[in-house]
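Q: Encoded as structure tokens, here's the structure I'll be asking about.
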Amino acid sequence: MHLPPRAAFWLLATTLCLLLVASSAPSPIYVLYQQQWQLSPITLTAVYAANAVALLVTLLFVGSLSDPVGRRPVLLVALVVEIGAMVAFAQASDVGWLFVARVLQGIATGAATGAISATLIDLQPPGGRLGALMTNVASSGGIAAGALGAGLLVEFAPAPSQLVYWLLTGLFVAGWVGVLVIPETVPESARRDGSWRGSLRPRVAVPASVRTTFLTLAPSLVATWALGGLYLALGGSLARGVFHVTSPLAGGLVIVALNATSALVAVLARDWSSQRSLLLGSIAMVCGVAVAMVALALGSLALFLVASVVVGTGFGPSFSGVLRTLTAMAPPERRAEVVTAIYVVSYLALSLPAVAAGIAVTQVGLLSTAYGYGVAVSALSAIALIGSWRQQHAPVVGRGHELAASPGTVAPCPRMLAAGSRA
């Protein structure tokens, strides 16, 4: 017995959301870990990066494995690993446990992200955009919900560093049972030819029909996810060190302002063309980062939250646009491969700059690091804006989801993670 496609679609969207909830949940709790175990900023970013690196390695090895072996087997294994990560977090007694939990979480999210994203597109109504939209909304919304929920539990609930993980463990067990009854969208003939062995070779490949557009849109991916990585890794440190707010909830709200806005705007802008989404998204990113740098100079948390909302306004449409454009151009049998390539770029941008920022904090200070990070993201956003304008005048041929760009429109972007990561 299998769930109807519509029910399976929403089950998988919820599962993806939960993966990103789990990915961002530790961020508000980092303040407690730092106080309990006397952790430095570089140690915090190293814990954060362990997740992103594990996720990236997993994407390289098994990111497209669901194309030849089927979506469901990959998802079942990934959720078992995610459950193990939640238990490790709940039992953490020192920073070593955090590294173990983050690595397991990265493996699970890396294995599941490509498979879920591809399945959502497989199951969406013909000619629709719902798969790419829900991938974006579930990712950004999950990160926001995880940061806010964990922040509230840390502030008001008992066992602040454990309760959220036990709750997520129960939800992932329920999700694993649900995945048992989703329909398999990879034809049986494709799962019998033995080609899955080649999928285990670490590689990132983009079909020739997608390559030029992929390179054009890469700066948008890097700018948005690099900024998201700074929020996830050092959002709490910014709230405490620059704005002098010690509540873990405040650090969570900084993340929520960015990601909740991203999810909301992605829904409101769902009927925009890919080209329009990327163009306006890049403009919003440049403006939002500029406001954020003013807020840092003034030491105003309220203005920084406003800037985060502006940045989120650009993040959501940009990523939806990129995902829609590239998956529409990809042959169906290579869709998970394209999604994997998108997330490889995204999670590299999510992790490496954040680690560099953690190192820089120890050398030049938190505020100077934030300024330098902002300048770099602004430059990338400006490059993405130019690429968006150029893409506007280059017809894009879609395959079943979105046809050539109409005049006056533009194209798309990692939102983990990441991973969720992701976190």
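By order of appearance in the structure tokens: chains A, B, ..., then residues from 1 within every chain, and ligands from 1 in the order shown.
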What's around segment 2-7 of chain A at 8 Å? Count only C-alpha atoms, leave out sequence neighbours fewer than 2 positions away in its own chain, and write the answer as a PyMOL selection string.

A: chain A and resi 9-11+123-124+181-183

Q: Keeping only C-alpha atoms, write the selected residues to a file as a compact mmCIF listing (two decimals), in the first residue's frame.

A:
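Listing of result29.txt after writing:
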# COMPACT_ATOMS: atom_id res chain seq x y z
CA PHE A 9 4.39 15.08 -1.56
CA TRP A 10 3.36 16.84 1.65
CA LEU A 11 4.87 14.14 3.84
CA LEU A 123 5.45 14.23 -7.55
CA GLN A 124 4.39 17.80 -8.29
CA VAL A 181 4.55 3.94 2.24
CA ILE A 182 5.45 6.70 -0.23
CA PRO A 183 5.38 5.73 -3.91

Q: Identify, on the basis of only C-alpha atoms, every residue whose closest approach to Ala78 of chain A does not exceed 8 Å; exclude the query and any residue fewer than 6 positions from it along the same chain; express the result as a VMD selection string.

A: chain A and resid 107 to 109 111 to 112

Q: Just checking: using only C-alpha atoms, which residue out of A:Ile42, A:Ser247, A:Pro158, A:Thr113 ends up closest to Ser64 of chain A?

A: A:Thr113

Q: Which polymer residues have any atom within 9 Å of an atom of segment 377-389 of chain A, counting only C-alpha atoms, with same-chain residues fewer than 3 positions away left out, as an mmCIF file with N, CA and C atoms, in the first residue's frame?

A:
data_model
loop_
_atom_site.group_PDB
_atom_site.id
_atom_site.type_symbol
_atom_site.label_atom_id
_atom_site.label_comp_id
_atom_site.auth_asym_id
_atom_site.auth_seq_id
_atom_site.Cartn_x
_atom_site.Cartn_y
_atom_site.Cartn_z
ATOM 1 N N THR A 216 26.407 30.942 -14.480
ATOM 2 C CA THR A 216 25.889 32.307 -14.395
ATOM 3 C C THR A 216 25.213 32.562 -13.057
ATOM 4 N N LEU A 217 24.523 31.546 -12.536
ATOM 5 C CA LEU A 217 23.751 31.715 -11.309
ATOM 6 C C LEU A 217 24.533 31.388 -10.045
ATOM 7 N N ALA A 218 25.735 30.822 -10.180
ATOM 8 C CA ALA A 218 26.521 30.415 -9.008
ATOM 9 C C ALA A 218 26.807 31.560 -8.030
ATOM 10 N N PRO A 219 27.159 32.778 -8.490
ATOM 11 C CA PRO A 219 27.402 33.862 -7.512
ATOM 12 C C PRO A 219 26.207 34.145 -6.617
ATOM 13 N N SER A 220 24.996 33.993 -7.136
ATOM 14 C CA SER A 220 23.809 34.196 -6.316
ATOM 15 C C SER A 220 23.733 33.137 -5.219
ATOM 16 N N LEU A 221 24.027 31.894 -5.567
ATOM 17 C CA LEU A 221 24.059 30.824 -4.572
ATOM 18 C C LEU A 221 25.082 31.117 -3.481
ATOM 19 N N VAL A 222 26.280 31.510 -3.901
ATOM 20 C CA VAL A 222 27.359 31.730 -2.939
ATOM 21 C C VAL A 222 27.024 32.887 -1.999
ATOM 22 N N ALA A 223 26.510 33.988 -2.548
ATOM 23 C CA ALA A 223 26.206 35.159 -1.725
ATOM 24 C C ALA A 223 25.146 34.841 -0.678
ATOM 25 N N THR A 224 24.061 34.209 -1.091
ATOM 26 C CA THR A 224 22.967 33.958 -0.158
ATOM 27 C C THR A 224 23.354 32.945 0.908
ATOM 28 N N ALA A 226 26.407 31.997 1.882
ATOM 29 C CA ALA A 226 27.494 32.476 2.737
ATOM 30 C C ALA A 226 26.946 33.361 3.851
ATOM 31 N N LEU A 227 25.992 34.221 3.520
ATOM 32 C CA LEU A 227 25.392 35.067 4.537
ATOM 33 C C LEU A 227 24.587 34.224 5.532
ATOM 34 N N GLN A 275 13.388 34.617 -13.719
ATOM 35 C CA GLN A 275 14.227 35.771 -13.999
ATOM 36 C C GLN A 275 13.914 36.941 -13.074
ATOM 37 N N ARG A 276 12.644 37.220 -12.885
ATOM 38 C CA ARG A 276 12.260 38.307 -11.994
ATOM 39 C C ARG A 276 12.671 38.002 -10.556
ATOM 40 N N LEU A 278 15.204 36.245 -9.417
ATOM 41 C CA LEU A 278 16.632 36.399 -9.181
ATOM 42 C C LEU A 278 17.053 37.864 -9.233
ATOM 43 N N LEU A 279 16.493 38.624 -10.152
ATOM 44 C CA LEU A 279 16.866 40.033 -10.275
ATOM 45 C C LEU A 279 16.477 40.815 -9.019
ATOM 46 N N LEU A 280 15.221 40.693 -8.616
ATOM 47 C CA LEU A 280 14.769 41.421 -7.433
ATOM 48 C C LEU A 280 15.415 40.873 -6.162
ATOM 49 N N GLY A 281 15.652 39.556 -6.138
ATOM 50 C CA GLY A 281 16.315 38.971 -4.986
ATOM 51 C C GLY A 281 17.719 39.510 -4.792
ATOM 52 N N SER A 282 18.462 39.672 -5.871
ATOM 53 C CA SER A 282 19.825 40.208 -5.770
ATOM 54 C C SER A 282 19.814 41.652 -5.287
ATOM 55 N N ILE A 283 18.869 42.437 -5.767
ATOM 56 C CA ILE A 283 18.752 43.829 -5.314
ATOM 57 C C ILE A 283 18.471 43.878 -3.808
ATOM 58 N N MET A 285 19.215 41.646 -1.584
ATOM 59 C CA MET A 285 20.398 41.213 -0.851
ATOM 60 C C MET A 285 21.372 42.368 -0.658
ATOM 61 N N VAL A 286 21.658 43.111 -1.733
ATOM 62 C CA VAL A 286 22.598 44.232 -1.648
ATOM 63 C C VAL A 286 22.095 45.271 -0.642
ATOM 64 N N CYS A 287 20.813 45.604 -0.735
ATOM 65 C CA CYS A 287 20.242 46.608 0.171
ATOM 66 C C CYS A 287 20.247 46.121 1.618
ATOM 67 N N VAL A 289 22.206 43.887 3.124
ATOM 68 C CA VAL A 289 23.545 43.837 3.710
ATOM 69 C C VAL A 289 24.018 45.248 4.058
ATOM 70 N N ALA A 290 23.702 46.228 3.206
ATOM 71 C CA ALA A 290 24.081 47.615 3.497
ATOM 72 C C ALA A 290 23.437 48.091 4.805
ATOM 73 N N GLY A 372 33.896 42.941 7.108
ATOM 74 C CA GLY A 372 34.544 42.324 5.949
ATOM 75 C C GLY A 372 33.648 41.312 5.261
ATOM 76 N N TYR A 373 32.929 40.537 6.050
ATOM 77 C CA TYR A 373 31.997 39.544 5.507
ATOM 78 C C TYR A 373 30.912 40.246 4.699
ATOM 79 N N GLY A 374 30.402 41.351 5.252
ATOM 80 C CA GLY A 374 29.350 42.085 4.558
ATOM 81 C C GLY A 374 29.806 42.636 3.224
ATOM 82 N N GLN A 392 18.533 37.580 -18.206
ATOM 83 C CA GLN A 392 17.231 38.089 -18.629
ATOM 84 C C GLN A 392 17.125 38.142 -20.146
ATOM 85 N N HIS A 393 18.244 38.346 -20.816
ATOM 86 C CA HIS A 393 18.246 38.483 -22.266
ATOM 87 C C HIS A 393 18.717 37.216 -22.971
ATOM 88 N N THR A 409 12.151 39.433 -17.721
ATOM 89 C CA THR A 409 12.216 38.554 -16.554
ATOM 90 C C THR A 409 13.632 38.050 -16.343
ATOM 91 N N VAL A 410 13.826 37.268 -15.242
ATOM 92 C CA VAL A 410 15.191 36.768 -14.889
ATOM 93 C C VAL A 410 15.312 35.353 -14.280
ATOM 94 N N ALA A 411 16.560 34.776 -13.960
ATOM 95 C CA ALA A 411 16.688 33.380 -13.484
ATOM 96 C C ALA A 411 17.196 33.123 -12.070
ATOM 97 N N PRO A 412 17.348 31.826 -11.536
ATOM 98 C CA PRO A 412 17.391 31.423 -10.112
ATOM 99 C C PRO A 412 18.654 30.911 -9.372
#

Q: List the spatial neighbours of Val100 of chain A as a PyMOL selection string - criterion: any atom at most 10 Å away, only C-alpha atoms, same-chain residues fewer than 4 positions off excluded.

A: chain A and resi 47+50-51+84-85+88-89+92+95-96+104-106

Q: Would you mind listing what lies within 10 Å of Thr119 of chain A as an NGL selection string, with only C-alpha atoms counted and same-chain residues fewer than 2 positions away left out?

A: :A and (8-9 or 12-13 or 66-67 or 70-72 or 113-117 or 121-124 or 131 or 183-186 or 335-336)

Q: List the neighbours of Leu264 of chain A out to 9 Å using only C-alpha atoms; skip same-chain residues closer than 3 positions along the sequence, and give me the result as a list in words.

A: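 The residues that qualify are Val137, Ser140, Gly141, Asn259, Ala260, Thr261, Val267, Leu268, Ala269, Gly312, Thr313 and Gly316 of chain A.
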
Q: Identify all residues of segment 109-244 of chain A in helix (DSSP H, G or I) (DSSP on the backbone) and supply them as an NGL selection string.

A: :A and (109-123 or 130-156 or 163-179 or 188-191 or 196-199 or 208-241)

Q: Compile the contact shell of Gln36 of chain A as a count of residues only: residues with an atom at most 12 Å away, counting only C-alpha atoms, same-chain residues fewer than 2 positions apart removed.

A: 14

Q: Hey, which of A:Leu153, A:Val344, A:Ala132, A:Val291 ends up closest to Leu326 of chain A? Count only C-alpha atoms.

A: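 Counting only C-alpha atoms, the residue closest to Leu326 of chain A is A:Ala132.
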
Q: Which is closest to Val81 of chain A among A:Thr369, A:Thr327, A:Thr169, A:Gln35, if we use only C-alpha atoms?

A: A:Thr169

Q: Using only C-alpha atoms, can you tell me which of A:Leu305, A:Ala157, A:Leu249, A:Ile143 comes closest to Met293 of chain A?

A: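 Nearest to Met293 of chain A: A:Leu305.
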
Q: What's the separation between atom CA of Asn136 of chain A and atom CA of Val338 of chain A, in Å to one decimal place?

A: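 Result for atom CA of Asn136 of chain A versus atom CA of Val338 of chain A: 15.5 Å, one decimal.
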